[in-house]
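The structure appears below as structure tokens.
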Amino acid sequence: MQSIPVDMTRLGTMTCIVAPEARIANRETGEIRKNRDGQTMYTVGVAVRQDGRRASIIEISVPGEPAGVVEGVRVHVTGLTAFSWAMGDRHGLSFRADAITPAPAPAPAGSRKGGDA
């Protein structure tokens with residue numbers, strides 16, 4: 001599996017469209033996937049939209065449950081990496097991140113910092 005770091009400065013807005021869900025390691029037993037440090041791995045569905053382009057939907061795996069990340073909230077993704085994979089005649093990309101957190105709310109239009117002018 002080849003690891004590909006993702007340049008976050010080139011991505012546009014990112015919005016959670018599927019709230020964090022624990023990843024299942026074994027569907028027959030219901031075993032939850034954990035990383036090397038024993039943290040539960042979660043998957044978050046994220047819509048990525050660059051200016052002037054259509055949105056793409058990606059699922060990002062992250063260690064630990066992302067606090068405050070719910071459907072509809074804009075998110076900030078730290079340490080995003082893509083991994084190419086192949087199984088038989090199937091292939092694709094999967095995504096992992098160090099963390100996913102709610103993005104700060106944008107300032108309302110027309111608001112300024114400081115005192116009156």
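If you're wondering about the labels, chains in the structure tokens are A, B, ... by order shown, residues count from 1 in each chain, ligands from 1 in order shown.
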
Can you tell me which residues surround A:Thr78 at a distance of at most 9 Å, considering only C-alpha atoms, apart from same-chain residues fewer than 3 positions away, and format the answer as number ranges by chain? A: 8, 97-101

Got a sec to tell me which of chain A DSSP assigns to strand (DSSP E), as JSON, numbers by chain? {"A": [2, 3, 4, 5, 13, 14, 15, 16, 17, 18, 19, 20, 21, 22, 24, 25, 26, 31, 32, 41, 42, 43, 44, 45, 46, 47, 48, 49, 56, 57, 58, 59, 60, 61, 62, 63, 75, 76, 77, 78, 81, 82, 83, 84, 85, 86, 87, 90, 91, 92, 93, 94, 95, 96, 99, 100, 101, 102]}

Fewer than 2 positions away in the same chain doesn't count, so skip those; otherwise give me all residues within 12 Å of A:Tyr42, counting only C-alpha atoms, as a short mmCIF file (atom, residue, chain, number, x, y, z; two decimals) with C-alpha atoms, in the first residue's frame.
```cif
data_model
loop_
_atom_site.label_atom_id
_atom_site.label_comp_id
_atom_site.auth_asym_id
_atom_site.auth_seq_id
_atom_site.Cartn_x
_atom_site.Cartn_y
_atom_site.Cartn_z
CA VAL A 18 -21.81 11.15 7.99
CA ALA A 19 -21.15 11.37 11.74
CA PRO A 20 -18.24 9.35 13.19
CA GLU A 21 -18.86 5.60 13.31
CA ALA A 22 -16.58 2.99 14.90
CA ARG A 23 -14.86 0.88 12.22
CA ILE A 24 -15.67 -2.80 12.23
CA ALA A 25 -12.68 -5.16 11.91
CA ILE A 32 -14.10 -3.05 16.49
CA ARG A 33 -10.92 -2.00 14.66
CA LYS A 34 -8.15 -0.54 16.81
CA ASN A 35 -4.83 1.05 15.86
CA GLN A 39 -7.37 3.43 20.12
CA THR A 40 -10.69 2.68 18.44
CA VAL A 44 -16.17 10.05 9.13
CA GLY A 45 -17.90 10.83 5.82
CA GLU A 59 -14.48 8.53 4.08
CA ILE A 60 -11.64 9.33 6.46
CA SER A 61 -10.42 6.97 9.19
CA VAL A 62 -9.22 8.63 12.39
CA PRO A 63 -8.05 7.28 15.76
CA GLY A 64 -10.41 8.08 18.63
CA GLU A 65 -13.92 9.50 18.40
CA PRO A 66 -13.79 13.06 16.99
CA ALA A 67 -15.43 15.27 19.64
CA VAL A 69 -18.03 16.39 14.80
CA PHE A 95 -7.94 8.09 3.58
CA ARG A 96 -6.57 8.42 7.12
CA ALA A 97 -6.03 11.47 9.29
CA ASP A 98 -4.37 12.24 12.60
CA ALA A 99 -7.45 14.20 13.75
CA ILE A 100 -10.77 15.67 12.62
#
```

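Taking atom CA of A:Ser84 and atom CA of A:Ile58 as the two end points, the separation is 13.6 Å.
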
Quick one: residues within 7 Å of A:Met14, only C-alpha atoms, excluding same-chain residues fewer than 6 positions away - as a list in words? Val46, Ala47, Val48, Arg49, Arg74 and Val75 of chain A

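Shortest atom-to-atom contact with A:Phe83 among A:Gly52, A:Pro5, A:Pro108, A:Pro102: A:Pro5, counting only C-alpha atoms.
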
Restricting to only C-alpha atoms, whichever of A:Ser56, A:Ser94, A:Glu31, A:Ala103 is closest to A:Leu80 is A:Ser94

Quick one: residues within 9 Å of A:Val6, only C-alpha atoms counted, chain neighbours fewer than 2 positions away excluded, as an MDAnalysis selection string? chainID A and resid 4 8:11 79:82

Could you save the residues just selected, with N, CA and C atoms, as a tab-separated table (two decimals), in the first residue's frame?
```tsv
chain	number	residue	atom	x	y	z
A	4	ILE	N	0.34	8.44	0.44
A	4	ILE	CA	0.42	9.69	-0.31
A	4	ILE	C	-0.05	10.83	0.59
A	8	MET	N	-3.25	19.89	2.23
A	8	MET	CA	-4.51	20.43	2.71
A	8	MET	C	-4.76	21.86	2.22
A	9	THR	N	-3.72	22.60	1.84
A	9	THR	CA	-3.92	23.97	1.37
A	9	THR	C	-4.64	24.00	0.03
A	10	ARG	N	-4.67	22.88	-0.68
A	10	ARG	CA	-5.33	22.85	-1.99
A	10	ARG	C	-6.77	22.38	-1.91
A	11	LEU	N	-7.18	21.95	-0.72
A	11	LEU	CA	-8.56	21.51	-0.57
A	11	LEU	C	-9.42	22.69	-0.17
A	79	GLY	N	-3.29	16.15	9.18
A	79	GLY	CA	-2.47	15.00	8.79
A	79	GLY	C	-3.16	14.03	7.86
A	80	LEU	N	-3.84	14.53	6.84
A	80	LEU	CA	-4.56	13.66	5.91
A	80	LEU	C	-3.57	12.94	4.98
A	81	THR	N	-3.75	11.63	4.87
A	81	THR	CA	-2.92	10.80	4.00
A	81	THR	C	-3.83	9.88	3.20
A	82	ALA	N	-3.52	9.73	1.91
A	82	ALA	CA	-4.25	8.80	1.05
A	82	ALA	C	-3.42	7.53	0.89
```

Point-to-point distance from atom CA of A:Gly12 to atom CA of A:Val77, Å rounded to tenths: 11.4 Å
